[in-house]
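Undergrad: Input input_17.txt, format and content: compact mmCIF, C-alpha atoms.
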# COMPACT_ATOMS: atom_id res chain seq x y z
CA MET A 424 0.00 0.00 0.00
CA GLY A 425 2.57 2.65 1.04
CA ASP A 426 2.48 5.71 -1.15
CA PRO A 427 6.04 7.07 -1.40
CA GLU A 428 4.73 10.60 -1.91
CA ALA A 429 2.37 10.61 1.05
CA PRO A 430 3.31 13.19 3.65
CA PRO A 431 4.04 11.94 7.16
CA GLU A 432 1.21 11.95 9.63
CA PRO A 433 0.00 13.84 11.52
CA LEU A 434 -0.69 16.30 8.70
CA VAL A 435 -0.23 20.00 9.30
CA LEU A 436 -3.28 22.23 9.11
CA ALA A 437 -2.57 25.97 9.17
CA LEU A 438 -4.94 27.62 11.62
CA GLN A 439 -5.49 31.33 11.75
CA ARG A 440 -8.41 33.07 13.49
CA GLY A 441 -10.74 30.15 12.95
CA ARG A 442 -9.85 29.51 9.32
CA VAL A 443 -8.08 26.25 8.50
CA LEU A 444 -5.99 25.96 5.33
CA VAL A 445 -3.94 23.17 3.81
CA TRP A 446 -1.16 24.41 1.57
CA GLY A 447 0.61 21.22 0.54
CA ALA A 448 -0.66 19.37 -2.50
CA ALA A 449 0.27 15.96 -1.10
CA ALA A 450 -1.48 16.71 2.18
CA ALA A 451 -4.64 17.85 0.41
CA ARG A 452 -4.72 14.66 -1.62
CA ALA A 453 -4.10 12.54 1.47
CA LEU A 454 -7.01 14.21 3.21
CA ARG A 455 -9.35 13.43 0.34
CA GLU A 456 -8.18 9.95 -0.48
CA ARG A 457 -7.26 8.54 2.89
CA HIS A 458 -9.41 10.44 5.36
CA ARG A 459 -12.54 11.20 3.34
CA VAL A 460 -12.29 14.87 4.21
CA CYS A 461 -12.96 16.98 1.12
CA GLY A 462 -12.57 20.66 1.94
CA VAL A 463 -12.89 23.37 -0.68
CA LEU A 464 -10.15 24.69 -2.99
CA VAL A 465 -10.11 28.43 -2.45
CA GLY A 466 -6.99 29.57 -4.24
CA ALA A 467 -7.23 32.17 -7.00
CA PRO A 468 -7.10 30.56 -10.45
CA PRO A 469 -4.53 31.87 -12.97
CA ARG A 470 -5.88 34.42 -15.36
CA ARG A 471 -4.88 32.44 -18.38
CA GLY A 472 -3.34 29.17 -19.21
CA ALA A 473 -4.41 25.62 -19.70
CA ALA A 474 -4.63 24.69 -16.06
CA ARG A 475 -7.68 26.68 -15.18
CA GLY A 476 -9.84 25.73 -12.26
CA PRO A 477 -9.80 25.85 -8.51
CA ARG A 478 -6.42 25.95 -6.80
CA LEU A 479 -4.74 25.32 -3.49
CA PRO A 480 -4.95 26.08 -0.63
CA LEU A 481 -7.65 23.73 0.53
CA GLN A 482 -9.92 25.29 3.12
CA LEU A 483 -11.54 23.01 5.68
CA LEU A 484 -14.74 23.46 7.63
CA PRO A 485 -14.20 23.84 11.37
CA GLU A 486 -15.98 20.50 11.74
CA GLU A 487 -13.61 18.79 9.30
CA ALA A 488 -10.54 20.21 11.01
CA ARG A 489 -11.73 19.22 14.45
CA LEU A 490 -12.45 15.66 13.37
CA LEU A 491 -8.96 15.29 11.94
CA ALA A 492 -7.40 16.72 15.09
CA GLU A 493 -9.47 14.53 17.39
CA THR A 494 -8.62 11.36 15.46
CA GLY A 495 -4.93 12.27 15.50
CA ALA A 496 -4.67 12.44 11.73
CA ALA A 497 -3.70 16.10 11.74
CA VAL A 498 -2.53 18.90 13.95
CA LEU A 499 -3.80 22.48 13.94
CA VAL A 500 -0.84 24.83 13.85
CA PRO A 501 -1.46 28.53 14.50
CA PRO A 502 0.91 31.11 13.03
CA PRO A 503 4.03 31.76 15.10
CA GLU A 504 3.89 34.36 17.80
CA PRO A 505 6.00 37.47 17.33
CA GLY A 506 9.49 36.55 18.35
CA GLU A 507 8.92 32.89 17.42
CA GLY A 508 9.45 33.31 13.72
CA PRO A 509 12.08 31.72 11.50
CA PRO A 510 15.77 32.43 12.30
CA PRO A 511 17.01 35.83 11.01
CA ALA A 512 19.32 34.24 8.44
CA ALA A 513 16.44 32.38 6.79
CA ALA A 514 14.23 35.48 6.93
CA ALA A 515 16.98 37.61 5.33
CA ARG A 516 17.49 35.02 2.62
CA TYR A 517 13.77 34.99 1.87
CA ALA A 518 13.64 38.79 1.74
CA ALA A 519 16.56 38.78 -0.69
CA GLU A 520 14.80 36.23 -2.90
CA LEU A 521 11.69 38.40 -2.94
CA ALA A 522 13.70 41.48 -3.85
CA GLN A 523 15.41 39.59 -6.66
CA SER A 524 12.10 38.31 -7.96
CA PHE A 525 10.66 41.82 -7.82
CA ALA A 526 13.55 43.22 -9.85
CA GLU A 527 13.08 40.51 -12.47
CA GLN A 528 9.35 41.08 -12.65
CA GLN A 529 9.83 44.83 -13.01
CA GLU A 530 12.19 44.28 -15.89
CA ALA A 531 9.76 41.93 -17.58
CA ALA A 532 6.86 44.36 -17.08
CA GLU A 533 8.87 47.22 -18.49
CA GLY A 534 9.78 45.10 -21.50
CA GLN A 535 6.12 44.25 -22.07
CA ARG A 536 5.13 47.89 -21.86
CA GLN A 537 7.77 48.87 -24.42
CA ALA A 538 6.50 46.18 -26.75
CA ARG A 539 2.95 47.50 -26.44
CA LEU A 540 4.10 51.05 -27.04
CA GLN A 541 5.78 49.98 -30.28
CA HIS A 542 2.42 48.90 -31.63
CA LEU A 543 0.81 52.30 -31.08
CA PRO A 544 1.14 54.90 -33.88
CA PRO A 545 3.60 57.63 -32.86
CA ASN A 546 1.03 60.34 -32.29
CA GLN A 547 -0.82 58.24 -29.69
CA ARG A 548 2.10 57.38 -27.51
CA PRO A 549 1.93 58.89 -24.04
CA THR A 550 4.25 61.77 -23.35
CA GLY A 551 5.79 62.72 -20.05
CA ALA A 552 7.59 60.61 -17.49
CA PRO A 553 6.23 57.08 -17.30
CA ALA A 554 5.17 55.66 -13.96
CA ALA A 555 6.78 52.44 -12.75
CA ALA A 556 5.62 49.53 -14.87
CA LEU A 557 5.15 47.35 -11.80
CA PRO A 558 4.16 48.88 -8.46
CA PRO A 559 5.39 46.97 -5.37
CA ARG A 560 1.97 45.75 -4.44
CA ALA A 561 1.68 43.94 -7.79
CA LEU A 562 4.54 41.63 -6.93
CA LEU A 563 3.67 38.05 -7.81
CA VAL A 564 4.76 35.67 -5.06
CA GLN A 565 4.85 31.99 -5.89
CA LEU A 566 4.54 29.37 -3.19
CA PRO A 567 5.68 25.97 -4.33
CA THR A 568 3.13 23.59 -2.89
CA ALA A 569 5.30 20.53 -3.13
CA ARG A 570 7.75 21.71 -0.51
CA GLU A 571 7.57 20.76 3.14
CA GLY A 572 5.19 22.80 5.25
CA PRO A 573 6.13 24.43 8.52
CA ALA A 574 7.83 22.11 10.97
CA LEU A 575 5.54 20.77 13.67
CA PRO A 576 6.02 22.56 16.96
CA PRO A 577 7.27 20.11 19.62
CA THR A 578 4.12 20.21 21.71
CA ALA A 579 1.18 21.08 19.51
CA ALA A 580 -1.62 20.96 22.05
CA PRO A 581 -5.10 20.86 20.55
CA PRO A 582 -7.32 23.82 21.38
CA ASP A 583 -9.86 23.46 24.14
CA TRP A 584 -12.80 22.49 21.97
CA GLY A 585 -15.36 23.77 24.42
CA ARG A 586 -14.03 27.27 24.82
CA PRO A 587 -13.40 30.04 22.29
CA ALA A 588 -9.75 31.04 21.78
CA PRO A 589 -8.14 33.69 19.58
CA HIS A 590 -7.37 31.19 16.83
CA TRP A 591 -10.32 28.86 17.48
CA PRO A 592 -13.39 31.09 17.93
CA HIS A 593 -15.74 28.16 17.23
CA GLY A 594 -15.15 26.62 20.65
CA GLY A 595 -18.33 26.35 22.63
CA ARG A 596 -20.56 27.84 19.93
CA PRO A 597 -23.83 25.81 19.96
CA GLY A 598 -24.10 25.82 16.15
CA HIS A 599 -20.62 24.40 15.74
CA GLU A 600 -21.11 21.81 18.47
CA ARG A 601 -24.38 20.63 16.91
CA ARG A 602 -22.89 20.42 13.43
CA TYR A 603 -19.79 18.67 14.70
CA ARG A 604 -21.69 15.86 16.42
CA VAL A 605 -23.66 15.26 13.23
CA TYR A 606 -20.54 15.47 11.05
CA ARG A 607 -18.70 12.98 13.22
CA ASP A 608 -21.61 10.55 13.24
CA LEU A 609 -22.19 10.64 9.48
CA TRP A 610 -18.45 10.46 8.71
CA ALA A 611 -18.14 7.43 10.97
CA ARG A 612 -20.71 5.67 8.75
CA GLY A 613 -18.36 5.92 5.78
CA LEU A 614 -20.08 8.84 4.04
CA HIS A 615 -18.37 11.81 2.39
CA LEU A 616 -19.45 15.27 3.52
CA THR A 617 -18.79 18.73 2.15
CA ALA A 618 -20.07 22.22 2.86
CA GLY A 619 -23.73 22.56 2.00
CA ALA A 620 -24.19 26.30 1.75
CA LYS A 621 -24.84 26.11 -2.00
CA PHE A 622 -28.00 24.14 -1.31
CA GLY A 623 -29.11 26.00 1.78
CA GLY A 624 -27.96 23.32 4.17
CA ASP A 625 -25.08 22.64 6.54
CA PHE A 626 -23.51 19.71 4.68
CA LEU A 627 -23.88 17.79 1.47
CA VAL A 628 -23.78 14.04 1.99
CA TYR A 629 -22.32 11.76 -0.67
CA PRO A 630 -22.23 7.96 -0.71
CA GLY A 631 -18.78 8.11 -2.32
CA PRO A 632 -16.15 10.63 -3.44
CA PRO A 633 -17.82 13.88 -4.53
CA GLU A 634 -15.93 13.84 -7.82
CA ARG A 635 -17.79 10.72 -8.84
CA PHE A 636 -21.18 10.87 -7.20
CA HIS A 637 -24.07 13.27 -7.00
CA ALA A 638 -24.95 14.30 -3.50
CA ALA A 639 -27.41 11.97 -1.88
CA ALA A 640 -28.68 14.42 0.67
CA VAL A 641 -28.56 17.95 2.00
CA ALA A 642 -28.06 17.79 5.76
CA LEU A 643 -29.49 20.47 7.97
CA CYS A 644 -28.79 20.75 11.71
CA PRO A 645 -31.40 23.16 13.02
CA PRO A 646 -31.29 24.39 16.61
CA PRO A 647 -33.87 22.75 18.87
CA GLY A 648 -37.32 24.19 18.26
CA ALA A 649 -36.37 26.17 15.18
CA PRO A 650 -39.23 26.41 12.65
CA LEU A 651 -38.64 24.93 9.20
CA ALA A 652 -39.46 27.03 6.20
CA LEU A 653 -42.20 25.01 4.53
CA GLY A 654 -42.46 27.68 1.85
CA ALA A 655 -38.83 27.00 0.91
CA LEU A 656 -39.59 23.30 0.59
CA VAL A 657 -42.51 24.10 -1.69
CA ALA A 658 -40.42 26.46 -3.83
CA ALA A 659 -37.65 23.89 -4.18
CA ALA A 660 -40.13 21.26 -5.24
CA ARG A 661 -41.80 23.53 -7.77
CA LEU A 662 -38.48 24.38 -9.42
CA GLY A 663 -38.24 20.68 -9.92
CA THR A 664 -34.63 20.58 -10.98
CA HIS A 665 -32.48 17.98 -9.30
CA VAL A 666 -34.61 18.13 -6.22
CA ARG A 667 -34.55 14.41 -5.77
CA LYS A 668 -31.90 14.91 -3.16
CA THR A 669 -33.08 13.94 0.27
CA LEU A 670 -33.32 16.69 2.84
CA LEU A 671 -31.84 15.23 5.99
CA LEU A 672 -32.86 16.82 9.25
CA CYS A 673 -30.33 16.04 11.95
CA ALA A 674 -30.67 16.20 15.68
CA ALA A 675 -27.62 15.31 17.74
CA PRO A 676 -28.14 16.02 21.44
CA ALA A 677 -25.00 16.22 23.51
CA GLY A 678 -25.58 13.18 25.63
CA GLY A 679 -27.81 11.08 23.43
CA ALA A 680 -28.03 9.22 20.15
CA PRO A 681 -28.43 11.23 16.94
CA ALA A 682 -31.83 11.17 15.24
CA TYR A 683 -32.35 11.72 11.53
CA THR A 684 -35.48 12.41 9.53
CA SER A 685 -35.39 12.18 5.74
CA LEU A 686 -37.62 14.33 3.58
CA GLN A 687 -38.01 13.39 -0.07
CA TRP A 688 -40.08 15.28 -2.56
CA GLY A 689 -42.48 13.32 -4.65
CA PRO A 690 -46.09 12.35 -5.04
CA PRO A 691 -47.13 9.76 -2.50
CA MET B 403 -65.25 29.31 11.16
CA GLU B 404 -65.08 27.50 14.44
CA PRO B 405 -65.68 23.77 14.65
CA GLU B 406 -68.76 22.78 16.58
CA ALA B 407 -68.17 21.41 20.02
CA GLY B 408 -70.60 18.70 19.10
CA PRO B 409 -71.20 15.14 20.17
CA VAL B 410 -67.70 14.01 19.24
CA ALA B 411 -66.30 11.51 21.66
CA GLY B 412 -62.89 13.21 21.44
CA GLY B 413 -61.21 9.98 20.52
CA SER B 414 -57.92 9.65 18.79
CA GLY B 415 -56.48 6.88 16.72
CA PRO B 416 -57.52 5.01 13.65
CA GLU B 417 -60.38 3.03 15.08
CA ARG B 418 -62.59 6.03 15.45
CA GLY B 419 -62.15 7.31 11.96
CA ALA B 420 -62.42 4.03 10.15
CA SER B 421 -66.13 3.61 10.53
CA ALA B 422 -67.26 7.20 10.49
CA GLY B 423 -64.78 8.61 8.00
CA TRP B 424 -65.12 6.98 4.68
CA GLN B 425 -67.27 8.81 2.24
CA ASP B 426 -67.87 8.15 -1.40
CA ALA B 427 -67.50 11.63 -2.75
CA ARG B 428 -67.92 10.63 -6.37
CA GLY B 429 -71.21 11.79 -7.69
CA GLY B 430 -71.88 13.79 -4.54
CA GLY B 431 -74.60 16.27 -5.21
CA GLY B 432 -74.23 19.73 -6.53
CA TRP B 433 -70.59 20.50 -6.00
CA ALA B 434 -69.23 20.18 -9.50
CA GLY B 435 -70.73 23.41 -10.63
CA GLY B 436 -72.50 24.53 -7.58
CA ALA B 437 -73.03 27.85 -5.89
CA GLY B 438 -69.55 29.34 -6.27
CA GLY B 439 -67.32 28.93 -3.20
CA ASN B 440 -70.15 27.89 -0.92
CA TRP B 441 -70.16 24.35 -2.23
CA MET B 442 -67.40 23.50 0.21
CA VAL B 443 -69.40 24.49 3.24
CA ALA B 444 -72.16 22.14 2.18
CA HIS B 445 -69.85 19.24 1.39
CA PRO B 446 -70.60 16.39 3.80
CA THR B 447 -66.98 15.40 4.26
CA PHE B 448 -66.00 18.93 5.08
CA THR B 449 -68.74 19.31 7.65
CA GLU B 450 -67.74 16.05 9.26
CA MET B 451 -64.10 17.08 9.39
CA MET B 452 -65.10 20.33 11.02
CA SER B 453 -66.93 18.43 13.70
CA LEU B 454 -63.84 16.55 14.80
CA ASP B 455 -62.13 17.76 17.92
CA ILE B 456 -59.48 19.78 16.11
CA SER B 457 -59.19 23.44 16.87
CA ASP B 458 -57.13 24.70 13.93
CA SER B 459 -59.62 25.36 11.17
CA ALA B 460 -56.86 26.19 8.69
CA GLN B 461 -55.54 22.67 9.13
CA ILE B 462 -59.01 21.22 8.59
CA TYR B 463 -59.36 23.22 5.39
CA ALA B 464 -55.96 21.97 4.24
CA ALA B 465 -56.97 18.41 5.07
CA PHE B 466 -60.09 18.76 2.98
CA LEU B 467 -58.13 20.03 -0.02
CA VAL B 468 -55.68 17.13 0.21
CA TYR B 469 -58.59 14.71 0.58
CA LEU B 470 -60.00 16.04 -2.68
CA ASP B 471 -56.62 16.05 -4.40
CA LEU B 472 -55.99 12.40 -3.60
CA LEU B 473 -59.47 11.13 -4.25
CA GLU B 474 -60.51 13.24 -7.20
CA GLY B 475 -57.30 14.71 -8.57
CA ARG B 476 -55.18 11.58 -8.39
CA ASN B 477 -57.98 9.01 -8.38
CA TRP B 478 -56.85 7.13 -5.37
CA HIS B 479 -58.81 4.07 -4.42
CA GLU B 480 -59.64 4.99 -0.86
CA VAL B 481 -59.10 7.99 1.40
CA LYS B 482 -60.24 8.06 5.02
CA TYR B 483 -59.80 10.91 7.45
CA VAL B 484 -58.89 10.59 11.09
CA GLY B 485 -58.71 13.18 13.82
CA LEU B 486 -55.69 12.82 16.08
CA ALA B 487 -56.55 14.88 19.12
CA GLU B 488 -53.14 14.36 20.71
CA LEU B 489 -51.48 16.01 17.73
CA GLN B 490 -54.42 18.34 17.01
CA LEU B 491 -54.26 17.35 13.37
CA ILE B 492 -56.49 15.63 10.86
CA CYS B 493 -54.62 12.86 9.07
CA LEU B 494 -55.60 10.86 6.04
CA HIS B 495 -55.26 7.10 5.77
CA ALA B 496 -55.23 6.38 2.10
CA ARG B 497 -54.64 3.66 -0.40
CA GLU B 498 -53.58 4.45 -3.95
CA ARG B 499 -54.83 1.25 -5.50
CA GLU B 500 -56.86 -1.54 -4.04
CA VAL B 501 -53.81 -3.77 -3.76
CA ASP B 502 -51.61 -1.19 -2.00
CA SER B 503 -51.20 -0.92 1.74
CA GLN B 504 -52.43 2.10 3.60
CA GLN B 505 -50.33 5.22 3.84
CA VAL B 506 -50.59 8.12 6.22
CA VAL B 507 -50.82 11.60 4.72
CA VAL B 508 -50.55 14.60 7.04
CA PRO B 509 -51.92 17.82 5.53
CA VAL B 510 -50.34 21.05 6.68
CA PRO B 511 -50.95 24.66 5.60
CA VAL B 512 -47.74 26.24 4.33
CA HIS B 513 -47.67 28.99 6.94
CA ILE B 514 -47.64 26.62 9.88
CA SER B 515 -44.36 26.48 11.71
CA LEU B 516 -42.94 23.00 12.06
CA SER B 517 -39.79 22.28 14.00
CA HIS B 518 -37.74 19.12 13.63
CA GLU B 519 -39.03 18.00 17.03
CA ARG B 520 -42.62 18.49 15.97
CA ILE B 521 -41.99 16.57 12.76
CA ARG B 522 -40.63 13.63 14.72
CA GLU B 523 -43.60 13.79 17.05
CA ILE B 524 -45.94 13.63 14.06
CA LEU B 525 -43.90 10.80 12.59
CA GLN B 526 -44.11 8.75 15.74
CA LYS B 527 -47.72 9.38 16.63
CA ALA B 528 -49.37 9.41 13.23
CA SER B 529 -47.65 6.54 11.45
CA LEU B 530 -49.28 3.17 11.12
CA PRO B 531 -47.61 -0.02 12.32
CA GLN B 532 -45.45 -1.44 9.56
CA ASP B 533 -45.80 -4.94 8.10
CA LYS B 534 -42.12 -5.75 8.48
CA PRO B 535 -40.67 -4.84 11.88
CA ASP B 536 -37.46 -3.33 10.46
CA THR B 537 -39.14 -0.87 8.16
CA PRO B 538 -38.69 2.68 9.44
CA GLN B 539 -41.72 4.80 10.21
CA SER B 540 -42.91 6.98 7.40
CA VAL B 541 -45.68 9.48 6.71
CA THR B 542 -46.25 11.82 3.79
CA LEU B 543 -46.42 15.51 4.52
CA ALA B 544 -48.87 17.33 2.23
CA ILE B 545 -48.07 21.03 2.19
CA VAL B 546 -51.00 23.14 1.03
CA GLU B 547 -50.10 26.47 -0.51
CA SER B 548 -52.29 29.55 -0.38
CA ASP B 549 -53.29 28.95 -4.01
CA SER B 550 -54.51 25.48 -3.01
CA THR B 551 -51.73 23.52 -4.72
CA VAL B 552 -50.45 20.59 -2.74
CA VAL B 553 -46.80 19.55 -2.58
CA TYR B 554 -46.01 16.14 -1.13
CA TYR B 555 -42.91 15.28 0.86
CA LYS B 556 -42.30 11.80 2.16
CA MET B 557 -40.89 11.85 5.70
CA THR B 558 -39.03 8.81 6.97
CA ASP B 559 -37.26 8.10 10.22
CA GLY B 560 -33.54 7.66 9.64
CA PHE B 561 -31.35 8.27 6.64
CA VAL B 562 -32.80 7.29 3.26
CA MET B 563 -30.42 7.30 0.31
CA PRO B 564 -31.63 7.81 -3.21
CA ASP B 565 -30.57 5.19 -5.78
CA PRO B 566 -26.85 5.53 -6.40
CA PRO B 567 -25.11 4.03 -9.45
CA ASP B 568 -27.22 5.60 -12.22
CA ASP B 569 -25.90 8.98 -11.10
CA THR B 570 -22.35 8.18 -12.14
CA GLU B 571 -23.59 7.24 -15.58
CA ASP B 572 -25.36 10.58 -15.83
CA VAL B 573 -22.14 12.46 -15.13
CA ASP B 574 -20.18 10.44 -17.66
CA ASN B 575 -22.84 10.81 -20.34
CA LYS B 576 -22.93 14.57 -20.01
CA GLN B 577 -19.17 14.85 -20.40
CA TRP B 578 -19.21 12.38 -23.28
CA ARG B 579 -21.86 14.42 -25.07
CA LYS B 580 -19.83 17.59 -24.64
CA LYS B 581 -16.75 15.87 -26.06
CA ARG B 582 -18.69 14.58 -29.04
CA LYS B 583 -19.95 18.05 -29.83
CA LYS B 584 -16.38 19.35 -29.85
CA LEU B 585 -15.05 16.56 -32.02
CA PHE B 586 -17.73 16.71 -34.65
CA LYS B 587 -18.16 20.48 -34.84
Take the structure from the file and write it as structure tokens.
TA:
Amino acid sequence: MGDPEAPPEPLVLALQRGRVLVWGAAAARALRERHRVCGVLVGAPPRRGAARGPRLPLQLLPEEARLLAETGAAVLVPPPEPGEGPPPAAAARYAAELAQSFAEQQEAAEGQRQARLQHLPPNQRPTGAPAAALPPRALLVQLPTAREGPALPPTAAPPDWGRPAPHWPHGGRPGHERRYRVYRDLWARGLHLTAGAKFGGDFLVYPGPPERFHAAAVALCPPPGAPLALGALVAAARLGTHVRKTLLLCAAPAGGAPAYTSLQWGPP
Amino acid sequence: MEPEAGPVAGGSGPERGASAGWQDARGGGGWAGGAGGNWMVAHPTFTEMMSLDISDSAQIYAAFLVYLDLLEGRNWHEVKYVGLAELQLICLHAREREVDSQQVVVPVPVHISLSHERIREILQKASLPQDKPDTPQSVTLAIVESDSTVVYYKMTDGFVMPDPPDDTEDVDNKQWRKKRKKLFK
């Protein structure tokens, strides 16, 4: 079985103010293929080129990240505190690389601008002193995703799940706790789950990898006693498109067994 | 319009409705072109529903519309109505064809607020005992819109998956069709 390219476990998840990102390509693939955690690719796609489409980093739901941390498959690593950063030599080297890259990019941008100017007829060329072809904020920084991520800190203690912290504000929030219990239960049954906001739910539930299957259900974890919008159910049914997904209502009380109710549109 | 506090024995459960509920509405007098909207008030099934011990008249009206939709609109074989006082709802026990088993249909006006807890309460108290012991409980929710259309949602206890493998073929076919278009342009 061993995949020579698989990153060592536990995987590193970059945590910052409640947002969890995975930068390494191998780690993202391991999460999807080995751990059934899908995440969402949130990187900006290139403006042109053959490889269009969503890009790294992979962003995880708080529920996905917590499951991985609780099962020991991954560790949440917050950014270093001031004073804890990389050694000055490495930082200086990186700054020098950036400066070098900036100089090269400026040269290339200037060359492109000259080429464009050549195509204009002489009476339309701009007069006066030209501004810099590439302002500093337009610097393109490339992060190679195949390199090793940050080294694991020696004692990476998991956050206190029940209490909010600067980098884990979800702690103790009833919505997160409810969703997490449901996520954990459904994941433990071998299902694949992703964010469900596109369909007005909390999760989308797939019987297999999302790349190959349509979602079987939209899972909703309402707070106890919350009214359901029957009008929304009616509207969804009337639109009629692809509404054969099951709406799964989930109740997962803290001490008890989860209860699910499936709603399927269709004549009786 | 308030229901009459008449001689109803305030019972709940299927036994009560089974004998008193079934009406043959086909060929019932005067309603197919009758006196405008007032035909409903004179309809015997409607009057009987109103006399059940259910306080929400909007729910009774919704139940009547679903009764008509199943019996007349969809030509179901048999539709009986039952008042469940514990839930304060009128439910329908209906059979699509003579050979089918009975199903429970719970009519609900669209503006009524239903929580997940209430839905599970309805599921547990309104569903009929199943033939096979492992079958999960199931009722059909009939949502009645303000324009009198009815939308049906089947509610089942537990997680019900729709049929899987055909879906993967759908995805492949769509991509295959796109490719063909490109090749043969």
Undergrad: Quick one: everything within 7 Å of A:Leu686, counting all atoms listed in the file, minus sequence neighbours fewer than 3 positions away in the same chain. Send it as a VMD selection string.
TA: (chain A and resid 669 to 671) or (chain B and resid 555 to 558)
Undergrad: I need the residue nearest chain A from this list: B:Arg520, B:Lys580, B:Arg499, B:Lys534. Use only C-alpha atoms for the distance.
TA: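 Closest to chain A, using only C-alpha atoms: B:Arg520.
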Undergrad: Tell me which of A:Arg452, A:Arg635, A:Arg612, A:Arg470 sits closest to chain B, counting all atoms listed in the file.
TA: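 So, comparing all the options, the nearest one is A:Arg635.
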Undergrad: Considering only C-alpha atoms, can you say which of A:Leu481, A:Ala674, A:Ala556, A:Ala531 comes closest to chain B?
TA: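 Closest to chain B, using only C-alpha atoms: A:Ala674.
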Undergrad: At a cut-off of 6 Å, which residues of chain B touch chain A? Count all atoms listed in the file and give the answer as a list in words.
TA: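 Matching residues, ligands excluded from the count: Val512, Ser515, Leu516, Ser517, Tyr554, Tyr555, Lys556, Met557, Thr558, Asp559, Gly560, Phe561, Met563 and Thr570 of chain B.
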Undergrad: With distances taken over only C-alpha atoms, which residue among A:Arg516, A:Arg602, A:His590, A:Arg442 lies nearest A:Gln482?
TA: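 Under the stated criterion, the closest residue is A:Arg442.
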